[in-house]
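This is input_5.txt. It holds compact mmCIF, C-alpha atoms.
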```
# COMPACT_ATOMS: atom_id res chain seq x y z
CA MET A 1 -14.53 21.46 32.56
CA ARG A 2 -13.50 19.93 35.85
CA TRP A 3 -9.99 21.39 35.54
CA PHE A 4 -11.47 24.87 35.34
CA ARG A 5 -12.84 24.91 38.87
CA ARG A 6 -11.56 22.35 41.30
CA SER A 7 -13.01 23.83 44.47
CA ASP A 8 -16.23 22.36 45.78
CA THR A 9 -17.79 25.65 46.80
CA PRO A 10 -19.45 27.36 43.82
CA LEU A 11 -17.81 30.47 42.44
CA TRP A 12 -20.67 32.75 43.52
CA GLN A 13 -20.27 31.65 47.11
CA GLU A 14 -16.59 32.60 47.10
CA GLU A 15 -17.19 35.87 45.31
CA PHE A 16 -20.04 36.91 47.63
CA SER A 17 -18.55 35.52 50.79
CA VAL A 18 -20.47 35.80 54.05
CA PHE A 19 -17.19 36.10 55.89
CA ASN A 20 -15.45 39.47 56.14
CA ALA A 21 -12.15 37.70 55.56
CA GLY A 22 -13.33 36.50 52.16
CA GLU A 23 -14.35 39.93 50.92
CA ASN A 24 -11.36 40.84 48.77
CA TYR A 25 -9.87 37.41 48.48
CA VAL A 26 -8.48 36.54 45.06
CA ASN A 27 -6.45 33.40 45.00
CA ARG A 28 -3.31 32.99 42.96
CA ARG A 29 -4.91 30.75 40.39
CA GLN A 30 -7.69 33.22 39.64
CA PHE A 31 -5.21 36.06 39.35
CA THR A 32 -2.89 34.14 37.04
CA LYS A 33 -5.79 33.05 34.84
CA PHE A 34 -6.88 36.66 34.58
CA LEU A 35 -3.39 37.78 33.57
CA THR A 36 -3.02 35.05 30.97
CA LEU A 37 -6.42 35.60 29.38
CA THR A 38 -5.94 39.36 29.17
CA SER A 39 -2.51 38.87 27.67
CA LEU A 40 -3.89 36.41 25.15
CA GLY A 41 -6.69 38.78 24.29
CA MET A 42 -4.27 41.59 23.56
CA PHE A 43 -2.09 39.32 21.46
CA VAL A 44 -5.06 38.17 19.37
CA GLY A 45 -6.13 41.78 19.00
CA ASN A 46 -2.73 42.70 17.66
CA LEU A 47 -2.79 39.79 15.20
CA TRP A 48 -6.15 40.96 13.95
CA ILE A 49 -4.91 44.49 13.39
CA LEU A 50 -1.93 43.09 11.51
CA ALA A 51 -4.12 40.87 9.34
CA ARG A 52 -6.49 43.72 8.67
CA GLY A 53 -3.64 45.89 7.47
CA ARG A 54 -2.16 43.20 5.23
CA PHE A 55 -5.34 42.05 3.56
CA LYS A 56 -6.87 45.43 2.91
CA SER A 57 -9.11 45.39 -0.20
CA PRO A 58 -8.22 48.13 -2.72
CA ARG A 59 -10.49 51.07 -2.06
CA GLU A 60 -12.14 53.02 -4.82
CA ALA A 61 -10.62 56.38 -5.75
CA PRO A 62 -12.05 59.25 -3.73
CA PRO A 63 -14.13 61.81 -5.65
CA PRO A 64 -11.93 64.63 -6.94
CA VAL A 65 -12.15 67.98 -5.18
CA VAL A 66 -11.20 71.42 -6.41
CA ALA A 67 -8.38 72.41 -4.10
CA ALA A 68 -7.92 75.98 -5.30
CA ARG A 69 -8.18 78.24 -8.29
CA ALA A 70 -5.19 79.70 -10.11
CA GLY A 71 -3.93 82.77 -8.33
CA GLU A 72 -6.06 82.19 -5.27
CA ILE A 73 -3.18 81.81 -2.88
CA PRO A 74 0.10 83.78 -3.02
CA VAL A 75 3.55 82.24 -3.26
CA GLY A 76 4.37 80.75 0.13
CA GLY A 77 0.67 80.67 0.94
CA VAL A 78 -1.37 77.82 2.29
CA LYS A 79 -4.92 76.57 1.83
CA LEU A 80 -6.74 73.83 3.74
CA PHE A 81 -9.29 71.72 1.91
CA PRO A 82 -11.20 68.52 2.62
CA PHE A 83 -10.37 65.50 0.50
CA ALA A 84 -10.65 61.73 0.78
CA GLY A 85 -12.34 61.95 4.18
CA GLY A 86 -9.66 64.07 5.81
CA GLN A 87 -8.21 67.54 5.94
CA CYS A 88 -5.46 68.30 3.42
CA ILE A 89 -3.01 71.17 3.16
CA LEU A 90 -2.10 72.87 -0.13
CA VAL A 91 1.12 74.89 -0.29
CA ARG A 92 2.26 77.14 -3.15
CA ILE A 93 6.00 76.78 -2.76
CA ALA A 94 6.86 78.63 -5.98
CA GLU A 95 5.16 80.64 -8.72
CA ASP A 96 4.14 77.50 -10.59
CA THR A 97 4.66 74.78 -8.00
CA TYR A 98 1.86 73.54 -5.80
CA VAL A 99 2.10 70.62 -3.41
CA ALA A 100 -0.59 69.08 -1.25
CA TYR A 101 -0.51 66.56 1.54
CA SER A 102 -2.83 65.05 4.11
CA GLN A 103 -2.69 67.29 7.15
CA LYS A 104 -2.64 64.36 9.59
CA CYS A 105 0.86 63.88 10.96
CA THR A 106 1.91 60.26 10.52
CA HIS A 107 3.01 60.10 14.15
CA LEU A 108 -0.17 60.69 16.16
CA SER A 109 -2.42 62.53 13.69
CA CYS A 110 -1.93 66.11 14.89
CA ALA A 111 -2.53 68.76 12.21
CA VAL A 112 0.70 69.83 10.52
CA PHE A 113 1.20 73.43 9.46
CA TYR A 114 3.46 75.14 6.87
CA ALA A 115 6.30 77.00 8.55
CA ARG A 116 7.24 79.71 6.07
CA GLU A 117 10.53 80.69 7.71
CA SER A 118 11.93 77.20 7.60
CA ASN A 119 10.02 76.12 4.47
CA ARG A 120 8.80 72.86 5.85
CA LEU A 121 5.68 71.21 7.21
CA GLU A 122 5.86 71.08 10.98
CA CYS A 123 3.85 69.16 13.54
CA PRO A 124 3.45 71.14 16.79
CA CYS A 125 2.75 68.15 19.00
CA HIS A 126 6.13 66.42 19.08
CA GLU A 127 8.18 68.56 16.65
CA GLY A 128 8.02 66.22 13.69
CA TYR A 129 9.17 68.03 10.53
CA PHE A 130 8.40 67.02 6.93
CA ASP A 131 10.05 68.19 3.73
CA VAL A 132 7.54 70.35 1.86
CA ARG A 133 8.68 69.13 -1.54
CA ASP A 134 8.03 65.40 -1.08
CA GLY A 135 6.59 64.97 2.40
CA SER A 136 9.50 62.89 3.69
CA VAL A 137 10.41 63.01 7.35
CA LEU A 138 13.17 65.44 8.25
CA GLN A 139 13.22 64.88 11.98
CA GLY A 140 11.09 63.89 14.88
CA PRO A 141 9.03 60.86 15.88
CA PRO A 142 7.11 60.25 12.59
CA ARG A 143 8.36 57.19 10.79
CA ARG A 144 6.33 57.45 7.57
CA PRO A 145 6.23 60.34 5.10
CA LEU A 146 3.10 62.48 4.80
CA PRO A 147 0.57 61.00 2.34
CA ARG A 148 0.78 63.03 -0.80
CA VAL A 149 -2.20 64.42 -2.64
CA GLU A 150 -1.92 64.12 -6.40
CA LEU A 151 -2.93 67.39 -8.04
CA GLN A 152 -4.09 67.98 -11.59
CA ARG A 153 -4.45 71.24 -13.41
CA ARG A 154 -7.85 71.38 -15.10
CA GLY A 155 -8.29 74.74 -16.68
CA ARG A 156 -8.03 77.36 -13.97
CA ASP A 157 -8.66 74.82 -11.20
CA LEU A 158 -6.25 72.79 -9.19
CA VAL A 159 -7.98 69.47 -8.62
CA ALA A 160 -7.03 66.86 -6.05
CA VAL A 161 -7.51 63.48 -7.67
CA ALA A 162 -5.78 60.86 -5.54
CA LEU A 163 -4.16 60.30 -2.16
CA LYS A 164 -0.94 58.32 -2.15
CA GLU A 165 0.01 56.79 1.18
CA GLY A 166 3.71 56.91 1.89
CA ALA A 167 5.91 53.82 1.96
CA MET B 1 -12.58 41.45 78.65
CA PHE B 2 -10.87 39.47 75.97
CA GLY B 3 -10.43 35.74 76.19
CA CYS B 4 -14.04 35.30 77.33
CA GLU B 5 -16.70 33.19 75.70
CA PHE B 6 -20.47 33.37 75.89
CA TYR B 7 -22.23 30.56 77.79
CA VAL B 8 -25.96 29.99 77.90
CA ASP B 9 -27.50 27.83 80.64
CA PRO B 10 -31.29 27.80 80.20
CA SER B 11 -31.81 25.82 83.41
CA ARG B 12 -30.47 28.79 85.41
CA CYS B 13 -32.96 31.22 83.96
CA ILE B 14 -35.31 32.63 86.59
CA GLY B 15 -37.48 34.62 84.20
CA CYS B 16 -36.62 38.07 85.55
CA GLN B 17 -36.22 39.44 82.00
CA SER B 18 -33.36 41.69 83.10
CA CYS B 19 -31.59 40.66 79.94
CA VAL B 20 -34.56 41.74 77.81
CA GLU B 21 -34.71 45.13 79.54
CA ALA B 22 -30.95 45.66 79.38
CA CYS B 23 -30.79 44.78 75.69
CA GLU B 24 -33.61 47.21 74.97
CA GLU B 25 -31.50 50.10 76.20
CA CYS B 26 -28.99 49.93 73.38
CA ASP B 27 -29.20 53.09 71.30
CA THR B 28 -28.89 51.34 67.98
CA HIS B 29 -32.14 49.44 68.49
CA ARG B 30 -33.74 51.28 71.38
CA GLY B 31 -36.88 49.70 72.64
CA VAL B 32 -36.45 46.50 70.69
CA SER B 33 -34.80 43.66 72.58
CA MET B 34 -32.60 41.15 70.78
CA ILE B 35 -33.07 38.51 73.45
CA ASN B 36 -35.21 35.54 72.41
CA PHE B 37 -37.12 34.96 75.60
CA ASP B 38 -39.27 31.83 75.86
CA PHE B 39 -41.72 30.38 78.35
CA LEU B 40 -41.16 26.66 78.05
CA ASP B 41 -44.64 25.46 79.02
CA ARG B 42 -46.47 28.43 80.47
CA ALA B 43 -49.57 26.55 81.45
CA GLU B 44 -47.67 23.88 83.31
CA GLY B 45 -44.71 25.60 84.80
CA ILE B 46 -42.70 28.72 85.35
CA GLN B 47 -39.54 27.67 83.57
CA THR B 48 -38.19 30.20 81.13
CA ALA B 49 -35.22 30.34 78.83
CA ALA B 50 -33.42 33.30 77.35
CA PHE B 51 -31.36 32.90 74.23
CA VAL B 52 -29.02 35.10 72.25
CA CYS B 53 -27.74 34.59 68.75
CA TRP B 54 -25.48 31.54 68.67
CA HIS B 55 -23.05 33.09 66.17
CA CYS B 56 -22.61 29.95 64.15
CA ASP B 57 -19.29 29.17 62.49
CA ASN B 58 -21.04 28.67 59.18
CA PRO B 59 -24.07 30.89 59.64
CA THR B 60 -27.13 29.59 57.85
CA CYS B 61 -28.79 33.00 57.98
CA ALA B 62 -25.87 34.57 56.12
CA HIS B 63 -25.81 31.85 53.50
CA VAL B 64 -29.50 32.16 52.65
CA CYS B 65 -29.55 35.95 52.56
CA PRO B 66 -30.28 37.02 48.98
CA ALA B 67 -28.92 40.52 49.58
CA ASP B 68 -25.61 39.49 51.15
CA ALA B 69 -26.62 41.56 54.17
CA ILE B 70 -25.34 39.33 56.98
CA LYS B 71 -21.63 39.13 57.52
CA LYS B 72 -19.46 37.21 59.92
CA GLY B 73 -16.32 38.94 61.10
CA GLU B 74 -12.94 37.45 61.80
CA ASP B 75 -13.59 37.49 65.53
CA GLY B 76 -16.49 35.10 64.95
CA VAL B 77 -19.36 37.48 65.66
CA VAL B 78 -22.18 37.28 63.12
CA GLN B 79 -23.35 40.84 62.64
CA SER B 80 -26.96 41.86 62.40
CA SER B 81 -28.23 42.71 58.93
CA LEU B 82 -26.68 45.64 57.10
CA LYS B 83 -29.24 48.42 56.84
CA PRO B 84 -28.58 49.40 53.21
CA ARG B 85 -28.81 45.80 52.03
CA CYS B 86 -31.57 44.05 54.02
CA ILE B 87 -34.77 43.71 52.01
CA ALA B 88 -36.84 42.19 54.84
CA CYS B 89 -37.50 38.99 52.95
CA SER B 90 -37.47 36.85 56.13
CA ASN B 91 -35.27 34.20 54.52
CA CYS B 92 -32.95 34.22 57.51
CA VAL B 93 -35.87 34.23 59.94
CA LEU B 94 -37.06 30.99 58.39
CA ALA B 95 -33.65 29.46 57.88
CA CYS B 96 -32.04 29.87 61.29
CA PRO B 97 -32.04 26.52 63.08
CA PHE B 98 -32.37 28.33 66.43
CA GLY B 99 -35.04 30.81 65.35
CA ILE B 100 -33.04 33.86 66.40
CA PRO B 101 -33.44 36.55 63.70
CA LYS B 102 -36.56 38.66 64.00
CA LEU B 103 -38.08 40.76 61.28
CA GLN B 104 -38.75 44.31 62.47
CA ALA B 105 -41.50 45.14 60.03
CA ASP B 106 -41.74 48.88 60.63
CA TRP B 107 -38.00 49.28 59.97
CA GLU B 108 -38.14 46.77 57.11
CA GLN B 109 -35.10 45.12 58.50
CA MET B 110 -34.03 41.94 60.23
CA VAL B 111 -32.59 42.48 63.68
CA LYS B 112 -30.68 40.06 65.82
CA CYS B 113 -28.17 39.93 68.61
CA ASP B 114 -24.66 40.94 67.60
CA MET B 115 -23.15 40.19 71.03
CA CYS B 116 -23.22 43.91 71.82
CA TYR B 117 -20.46 44.41 69.29
CA ASP B 118 -19.90 48.00 70.38
CA ARG B 119 -19.10 46.62 73.85
CA SER B 120 -17.51 43.23 73.19
CA SER B 121 -15.16 44.53 70.50
CA THR B 122 -13.60 46.80 73.14
CA GLY B 123 -13.43 44.04 75.75
CA LYS B 124 -16.64 44.76 77.69
CA ARG B 125 -19.26 42.19 78.50
CA PRO B 126 -22.51 42.14 76.48
CA MET B 127 -25.38 43.85 78.34
CA CYS B 128 -27.42 40.69 78.93
CA ALA B 129 -24.51 38.80 80.49
CA THR B 130 -23.70 41.82 82.64
CA VAL B 131 -27.16 42.03 84.21
CA CYS B 132 -28.19 38.37 84.41
CA PRO B 133 -28.49 37.66 88.16
CA SER B 134 -28.33 33.89 87.84
CA GLN B 135 -25.69 33.99 85.12
CA ALA B 136 -27.85 31.93 82.81
CA LEU B 137 -26.21 34.20 80.24
CA ALA B 138 -22.55 34.38 81.13
CA TYR B 139 -19.58 35.98 79.42
CA VAL B 140 -16.59 34.59 81.24
CA THR B 141 -13.33 32.78 80.66
CA PRO B 142 -13.35 28.99 80.13
CA GLU B 143 -11.63 28.56 83.50
CA VAL B 144 -14.57 30.12 85.33
CA ILE B 145 -17.07 27.94 83.44
CA ALA B 146 -15.06 24.81 84.19
CA ARG B 147 -16.04 25.22 87.83
CA ARG B 148 -19.65 24.40 86.94
CA ARG B 149 -20.95 20.86 86.78
CA GLU B 150 -22.49 21.25 83.37
CA LYS B 151 -20.36 20.94 80.31
CA PRO B 152 -20.21 23.60 77.61
CA VAL B 153 -21.25 22.29 74.21
CA ASN B 154 -21.11 24.17 70.93
CA LEU B 155 -22.03 21.48 68.46
CA PHE B 156 -25.64 21.01 67.43
CA TRP B 157 -27.43 18.75 65.00
CA PHE B 158 -30.40 20.10 63.13
CA GLY B 159 -31.58 17.04 61.32
CA ARG B 160 -28.57 16.19 59.21
CA GLN B 161 -27.12 19.68 59.42
CA ARG B 162 -24.14 20.02 61.69
CA VAL B 163 -24.13 23.42 63.33
CA ALA B 164 -21.02 24.57 65.15
CA THR B 165 -21.41 27.79 67.10
CA LYS B 166 -19.32 30.36 68.91
CA VAL B 167 -21.74 30.58 71.84
CA TYR B 168 -21.77 27.58 74.16
CA MET B 169 -24.77 25.88 75.69
CA MET B 170 -24.39 24.34 79.12
CA ALA B 171 -25.49 20.73 78.85
CA PRO B 172 -25.33 17.82 81.25
CA ALA B 173 -22.01 16.04 81.06
CA GLY B 174 -22.56 13.28 78.55
CA PRO B 175 -22.97 13.67 74.79
CA ASP B 176 -20.60 16.01 73.00
CA SER B 177 -23.34 17.57 70.94
CA VAL B 178 -26.93 18.60 71.33
CA SER B 179 -29.66 17.88 68.86
CA ILE B 180 -31.98 20.80 68.35
CA ASP B 181 -34.34 19.13 65.95
CA ALA B 182 -37.60 18.37 67.70
CA ALA B 183 -37.91 15.20 65.64
CA ASP B 184 -34.87 13.79 67.40
CA TYR B 185 -36.72 13.81 70.70
CA THR B 186 -39.62 11.70 69.49
CA TRP B 187 -39.74 7.97 70.01
CA GLU B 188 -39.54 7.41 66.28
CA ALA B 189 -36.06 8.89 66.40
CA ALA B 190 -34.55 5.88 68.05
CA ASP B 191 -32.08 5.52 65.21
CA ALA B 192 -31.42 9.21 64.86
CA LEU B 193 -28.01 10.68 64.06
CA VAL B 194 -27.58 11.87 67.61
CA PRO B 195 -29.21 9.91 70.39
CA PRO B 196 -31.80 12.08 72.14
CA VAL B 197 -30.36 13.73 75.24
```

Same coordinates, now as structure tokens:
Amino acid sequence: MRWFRRSDTPLWQEEFSVFNAGENYVNRRQFTKFLTLTSLGMFVGNLWILARGRFKSPREAPPPVVAARAGEIPVGGVKLFPFAGGQCILVRIAEDTYVAYSQKCTHLSCAVFYARESNRLECPCHEGYFDVRDGSVLQGPPRRPLPRVELQRRGRDLVAVALKEGA
Amino acid sequence: MFGCEFYVDPSRCIGCQSCVEACEECDTHRGVSMINFDFLDRAEGIQTAAFVCWHCDNPTCAHVCPADAIKKGEDGVVQSSLKPRCIACSNCVLACPFGIPKLQADWEQMVKCDMCYDRSSTGKRPMCATVCPSQALAYVTPEVIARRREKPVNLFWFGRQRVATKVYMMAPAGPDSVSIDAADYTWEAADALVPPV
């Protein structure tokens, strides 16, 4: 490890110098080493995140949740319900058409809301707009569509059974 | 005045203790003198010697301090211990080759001469050098000291430790360094690093 520290004085003596002049002294080598190691650390961190995303094991299906009952919300109405560990938004866009998505905006996870006038899901943080029919991005910073909640009609209940992440 | 150095000539000391009294007047350590005043052989003679901190280039006291309380500035003055840091462990008291730092037990702090930093940093003479009537403690320019017969020396040997200081000792013209280890003055030290003066 001789290459690591070539100076004869031990590191503690330089760090806790008895001379006022040595108080804040950081030599170029120390500084460069610090920059390189930090940079390397961040790079490795990024690689790990990438690997974690690629080799994700298939998760089990989340337990189904009753989103709403028939007739509970009016046409153009909205209901929030918890599903698959997050908050989801259910919109009745027509008499017989219900759609549900995860409420977390795919940009920076702000809660999206249903804008009735413009008939779309809007994120207030950075004005990202999603199409209410399929969750695709209409404008704004989000790059991925809203994860869609698969709904099933079971009797009078509207049940959320699965969450499909966008492409 | 700037451009002056501190010179100590123990042979000039007349034992008046003006330096001790003058040092005591400083408000930062009122009543406690930083002068190390010695009677050389009280039973046999009247010779005295007054010493101040030697402000070593590589201060041993600072290096052994476990609390990093002693600092040496860029002007070469070794400051007394920092109040928030000193833990009164006496490491420096034991380590100093000249025996300068003193532990002030009731303050739980080490105190030593700092060359009247409040005065010398603005160009004034330290108190002891100002009042010394025989100029055993002198704070003058090298030109003034050159008029004396003795030679200023600032290199000391403490056993095998080489101690270079900011304060000069006036020594007879001869060796370039002074050994301050008592062992070097015994007859067994005939082959010592520095021949006994």

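Straight-line separation from CA of Glu122 (chain A) to CA of Pro142 (chain A): 11.0 Å.
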
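Taking all atoms listed in the file into account, Ile46 (chain B) lies nearest to B:Cys13 out of the set B:Tyr117, B:Lys112, B:Cys13, B:Gly31.
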
Taking only C-alpha atoms into account, report as a list in words which residues of chain B lie within 8 Å of chain A.
->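 Result, ordered by chain then number: Ala62, His63, Asp68, Ile70, Lys71, Lys72, Gly73 and Glu74 of chain B.
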
Neighbour list for Arg69 (chain A) as a ChimeraX atom specification, cut-off 8 Å, only C-alpha atoms, skip fewer than 6 positions in-chain = /A:156-158

Residues within 8 Å of (7.0, 65.8, 2.6), counting only C-alpha atoms, listed as a VMD selection string | chain A and resid 101 120 to 121 130 to 137 145 to 146 148

Residue neighbourhood Ala94 (chain A), 10 Å, only C-alpha atoms, exclusion window fewer than 5 positions, as a ChimeraX atom specification | /A:74-77,99

Would you kindly place N, CA, C and O atoms on region 140-162 of chain A and return the model as a short mmCIF file (atom, residue, chain, number, x, y, z; two decimals), keeping the file's coordinate frame?
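Writing the result to out.cif gives the following:
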```cif
data_model
loop_
_atom_site.label_atom_id
_atom_site.label_comp_id
_atom_site.auth_asym_id
_atom_site.auth_seq_id
_atom_site.Cartn_x
_atom_site.Cartn_y
_atom_site.Cartn_z
N GLY A 140 12.21 64.07 13.96
CA GLY A 140 11.09 63.89 14.88
C GLY A 140 10.58 62.45 14.92
O GLY A 140 11.11 61.58 14.24
N PRO A 141 9.54 62.22 15.70
CA PRO A 141 9.03 60.86 15.88
C PRO A 141 8.33 60.22 14.68
O PRO A 141 8.25 59.01 14.64
N PRO A 142 7.79 60.97 13.68
CA PRO A 142 7.11 60.25 12.59
C PRO A 142 8.05 59.32 11.85
O PRO A 142 9.22 59.63 11.64
N ARG A 143 7.54 58.17 11.50
CA ARG A 143 8.36 57.19 10.79
C ARG A 143 8.01 57.14 9.32
O ARG A 143 8.81 56.73 8.49
N ARG A 144 6.78 57.53 8.97
CA ARG A 144 6.33 57.45 7.57
C ARG A 144 6.19 58.85 7.02
O ARG A 144 5.83 59.77 7.75
N PRO A 145 6.41 59.01 5.70
CA PRO A 145 6.23 60.34 5.10
C PRO A 145 4.75 60.70 5.04
O PRO A 145 3.88 59.83 5.11
N LEU A 146 4.48 62.01 4.90
CA LEU A 146 3.10 62.48 4.80
C LEU A 146 2.46 61.95 3.51
O LEU A 146 3.07 62.01 2.44
N PRO A 147 1.24 61.44 3.58
CA PRO A 147 0.57 61.00 2.34
C PRO A 147 0.41 62.18 1.39
O PRO A 147 -0.05 63.26 1.78
N ARG A 148 0.78 61.95 0.18
CA ARG A 148 0.78 63.03 -0.80
C ARG A 148 -0.51 63.05 -1.59
O ARG A 148 -1.04 62.02 -1.98
N VAL A 149 -0.99 64.27 -1.82
CA VAL A 149 -2.20 64.42 -2.64
C VAL A 149 -1.76 64.71 -4.07
O VAL A 149 -0.98 65.64 -4.32
N GLU A 150 -2.26 63.90 -4.99
CA GLU A 150 -1.92 64.12 -6.40
C GLU A 150 -2.80 65.20 -6.96
O GLU A 150 -4.04 65.15 -6.87
N LEU A 151 -2.18 66.25 -7.51
CA LEU A 151 -2.93 67.39 -8.04
C LEU A 151 -2.93 67.38 -9.56
O LEU A 151 -1.95 66.97 -10.19
N GLN A 152 -4.00 67.87 -10.13
CA GLN A 152 -4.09 67.98 -11.59
C GLN A 152 -4.58 69.36 -11.94
O GLN A 152 -5.49 69.90 -11.30
N ARG A 153 -3.98 69.94 -12.95
CA ARG A 153 -4.45 71.24 -13.41
C ARG A 153 -5.55 71.00 -14.42
O ARG A 153 -5.35 70.37 -15.45
N ARG A 154 -6.75 71.51 -14.14
CA ARG A 154 -7.85 71.38 -15.10
C ARG A 154 -8.37 72.79 -15.33
O ARG A 154 -9.16 73.32 -14.54
N GLY A 155 -7.87 73.37 -16.40
CA GLY A 155 -8.29 74.74 -16.68
C GLY A 155 -7.70 75.67 -15.64
O GLY A 155 -6.49 75.69 -15.42
N ARG A 156 -8.54 76.43 -14.97
CA ARG A 156 -8.03 77.36 -13.97
C ARG A 156 -8.02 76.72 -12.57
O ARG A 156 -7.61 77.34 -11.60
N ASP A 157 -8.53 75.46 -12.52
CA ASP A 157 -8.66 74.82 -11.20
C ASP A 157 -7.52 73.87 -10.92
O ASP A 157 -6.97 73.25 -11.83
N LEU A 158 -7.22 73.79 -9.67
CA LEU A 158 -6.25 72.79 -9.19
C LEU A 158 -7.08 71.71 -8.51
O LEU A 158 -7.73 71.97 -7.51
N VAL A 159 -7.08 70.52 -9.12
CA VAL A 159 -7.98 69.47 -8.62
C VAL A 159 -7.18 68.38 -7.93
O VAL A 159 -6.17 67.91 -8.45
N ALA A 160 -7.63 68.00 -6.78
CA ALA A 160 -7.03 66.86 -6.05
C ALA A 160 -7.72 65.60 -6.55
O ALA A 160 -8.94 65.49 -6.48
N VAL A 161 -6.90 64.66 -7.07
CA VAL A 161 -7.51 63.48 -7.67
C VAL A 161 -7.24 62.18 -6.89
O VAL A 161 -8.02 61.26 -6.93
N ALA A 162 -6.11 62.11 -6.23
CA ALA A 162 -5.78 60.86 -5.54
C ALA A 162 -4.93 61.14 -4.30
O ALA A 162 -4.26 62.17 -4.23
#
```
